[in-house]
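Just below is one structure, and these are the notes that go with it.
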Amino acid sequence: MDRAQLRELQSERLVKIVKYTYDNVEFYRKRMDEAGVKPSDIKSIDDISKLPFMQKKDLRDYYPFGTFAAPLKDIVRFHASSGTTGKPIVAGYTQNDLDNWAEGVARCLVAYGATKEDILQVSYGYGLFTGGLGAHDGGQKVGSTVIPMSSGNTAKQIMLMKDLGSTGLCCTPSYALFLAETIAEDPDTDIDRDLKLKFGAFGAEPWTENMRKELEAKLHIKAYDIYGLTEVSGPGVGGECEYQDGTHLWEDMFFPEIIDPVTLQPVEPGQQGELVFTTLLKEGMPVIRYRTRDLTHLIYDKCRCGRTMVRMGRILGRSDDMMIIRGVNVFPSTIESCILEIPEFNGQYFVTVDRVRNVDTFDIDVELRPEYYTDNMDKMLNLKARLTMRLVSVLGIKPVIHIVEPNTIARSQGKAKHVLDKRSLDK
Amino acid sequence: MIIDQLSIFLNNAVGRVTEVTTTLGNAGVNLKAFTLSESSDFGILRLITEDNAKAAEVLRENHFAVNLTKVVYLELGDTPGALSECIQRVSDAGISIEYMYAFSTGNAASVVVRTEDVESLNALLEV
């Protein structure tokens, strides 16, 4: 589909979804009335900027069903976000929503090369989290054989990976790294002899190009990004293609915009900003101009793979994950990529921010690869100095680096937790 | 003579050294010498035991970052000037010392010396 045709389809679907949400959901009716916009003002996708934004807070305020557009009798499944801050966000799906969601995941898997012949090990958590069942339904839609492993129980993961011959792995990139480390330490498992892995579908947390290199080198696979969020659907809002040059967003279903998070105005095409989604087909819990807080940019040029759908650059961080330390904006993903540039470090890190006598403290624990823990203190102090200098030049502020013993930084099996900001805890 | 020394990387945390000694004690490994050097946030515990191979094995089983390092072990008379005379020979030979530690048992003094090139140092001092 060329972009003009796509635009037409998006326009047609936007007009419908705006009218549908206005007619069925008090929340949308109220917001649009307040903004002085009527459904009839929306004639094409270009009119989308007339519509008011919504954010996570709105979904919380209307917890649990306040933004649902379909009656509960048509909702066939609930999922919920992890809800680390108070009430979770509950998403309700109609059967059509689940079918479209599976379609989105299936498009990603096919782009990674998955076929009916493949065996997919789904090591995302199953349950309220969308990762497990989302990847599961998408895998079945492709016709691959799905192993509904869920997360955790690493020894069993590796055993079944060997015995059942998994060819694809779906999990968070940090868990994939943990699996890779465990496999490397396991004398009974040789990657080439015992495993058949070809590709990994990694998502649910931002990751870096260096992490990709590391996962590909350690697991002997191609590592692909799969993007999504519960509020919009789940994993499979978009995914990379074989060229690994940006994450294609399935914009016939999920319309993306980039806005300036401060002025809330759309940015010029290609500029960085906050990603905003409108679900063009969702029935259960549609969202209109939902602010994701993910910071990225969109690439509209046609991809070498032939797909015309827009590509999203790497997620640089979240506008709400961003720490302001001594007045400087710091993203965990930037810290991570600096660490992974120096091969002696294993990529695990934990940031602690605090305020002592009105000055922000900024400490980062890091681990070395086992072979670099030496008897030579100078060598380790040099590594510490190298990382400090690299971070100073990239961030503009100086962290205190602490090299810690191997395996002291807690590994997560779901979304990695990399930051403790004690300043916010004291409030 | 050249002997093995265990170097253990430790977080600067209360009780971490005790965990090493307890681990070795439980495994029945007897310590011969022990020194701790530290930077602001980590330490390197260096020790010599009666069974270094076993010590390294049990420590690794308990997830300590352990290295075996070659060092030169000397026994000197426990008399004034004995150590000085020995170190003078090392510096005259242009060998730089990374670190060393010494202890006296009353009759004899033991010295452990680490350099880049333990072979040369050993050859020099064994004469």
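Letters for chains follow the order of the structure tokens (A, B, ...), residue numbers begin at 1 for each chain, and ligand numbers begin at 1 in the order shown.
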
- Query: Within 7 Å of Thr49 of chain B, counting only C-alpha atoms, which residues qualify if same-chain residues fewer than 4 places away don't, as a PyMOL selection string?
  - Reply: chain B and resi 29-33

Check your understanding: Would you list which chain B residues are within 12 Å of chain A using only C-alpha atoms, as a VMD selection string?
Key -> chain B and resid 5 to 13 16 36 to 47 60 62 to 71 98 to 99 114 to 116

| message | Among segment 301-418 of chain A, which residues does DSSP mark as strand (DSSP E or B) when it is run on the backbone? Keep the chain and numbering as in the structure and answer as a PyMOL selection string. | response | chain A and resi 311-312+317-318+323-325+328-330+345-356+359-368+400-404

- Task: Check chain B with DSSP on the backbone and list each residue it calls alpha helix (DSSP H), as an MDAnalysis selection string.
- Result: chainID B and resid 16:26 52:61 82:92 118:126

Report as a short mmCIF file (atom, residue, chain, number, x, y, z; two decimals) with C-alpha atoms, in the first residue's frame all protein, DNA and RNA residues lying within 6 Å of segment 46-59 of chain A, evaluated on only C-alpha atoms, omitting residues in the same chain fewer than 5 positions from it.
data_model
loop_
_atom_site.label_atom_id
_atom_site.label_comp_id
_atom_site.auth_asym_id
_atom_site.auth_seq_id
_atom_site.Cartn_x
_atom_site.Cartn_y
_atom_site.Cartn_z
CA ARG A 289 -3.98 10.94 21.01
CA TYR A 290 -2.59 8.96 23.92
CA ARG A 291 0.73 10.35 25.17
#

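The space separating atom CA of Ala410 of chain A from atom CA of Gln348 of chain A comes to 8.8 Å.
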
Exercise for the section: Name all residues at most 9 Å from segment 210-215 of chain A (count only C-alpha atoms; drop same-chain ones fewer than 2 positions away) and give them as number ranges by chain. Expected result: A: 173-174, 176-177, 180, 200, 207-208, 217-224, 336-337, 340-341, 347

Here atom CA of Val237 of chain A and atom CA of Val105 of chain A stand apart by 7.4 Å

*asked:* Taking 2 positions as the minimum chain separation for residues in the same chain, which residues sit within 9 Å of Met161 of chain A when counting only C-alpha atoms? Answer as a PyMOL selection string.
replied: chain A and resi 121+156-159+163-167+169+194-197

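Every protein, DNA or RNA residue with an atom at most 7 Å from segment 120-123 of chain B, where only C-alpha atoms count and chain neighbours fewer than 6 positions away do not, is listed here: Met1, Ile2 and Val72 of chain B.
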
Selected residues written out, C-alpha atoms, as a tab-separated table (two decimals), in the first residue's frame:
chain	number	residue	atom	x	y	z
B	1	MET	CA	60.12	-19.52	45.66
B	2	ILE	CA	57.12	-18.81	43.45
B	72	VAL	CA	57.45	-14.66	45.22

(message) Excluding Gln95 of chain A and its own-chain neighbours fewer than 2 positions away, which residues fall within 9 Å of it when counting only C-alpha atoms? Please give them as number ranges by chain.
(response) A: 74-77, 93, 97-100, 284

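Comparing B:Val112, B:Thr35, B:Gly15, B:Glu119 by their smallest distance to Glu75 of chain B, the closest is B:Val112 (using only C-alpha atoms).
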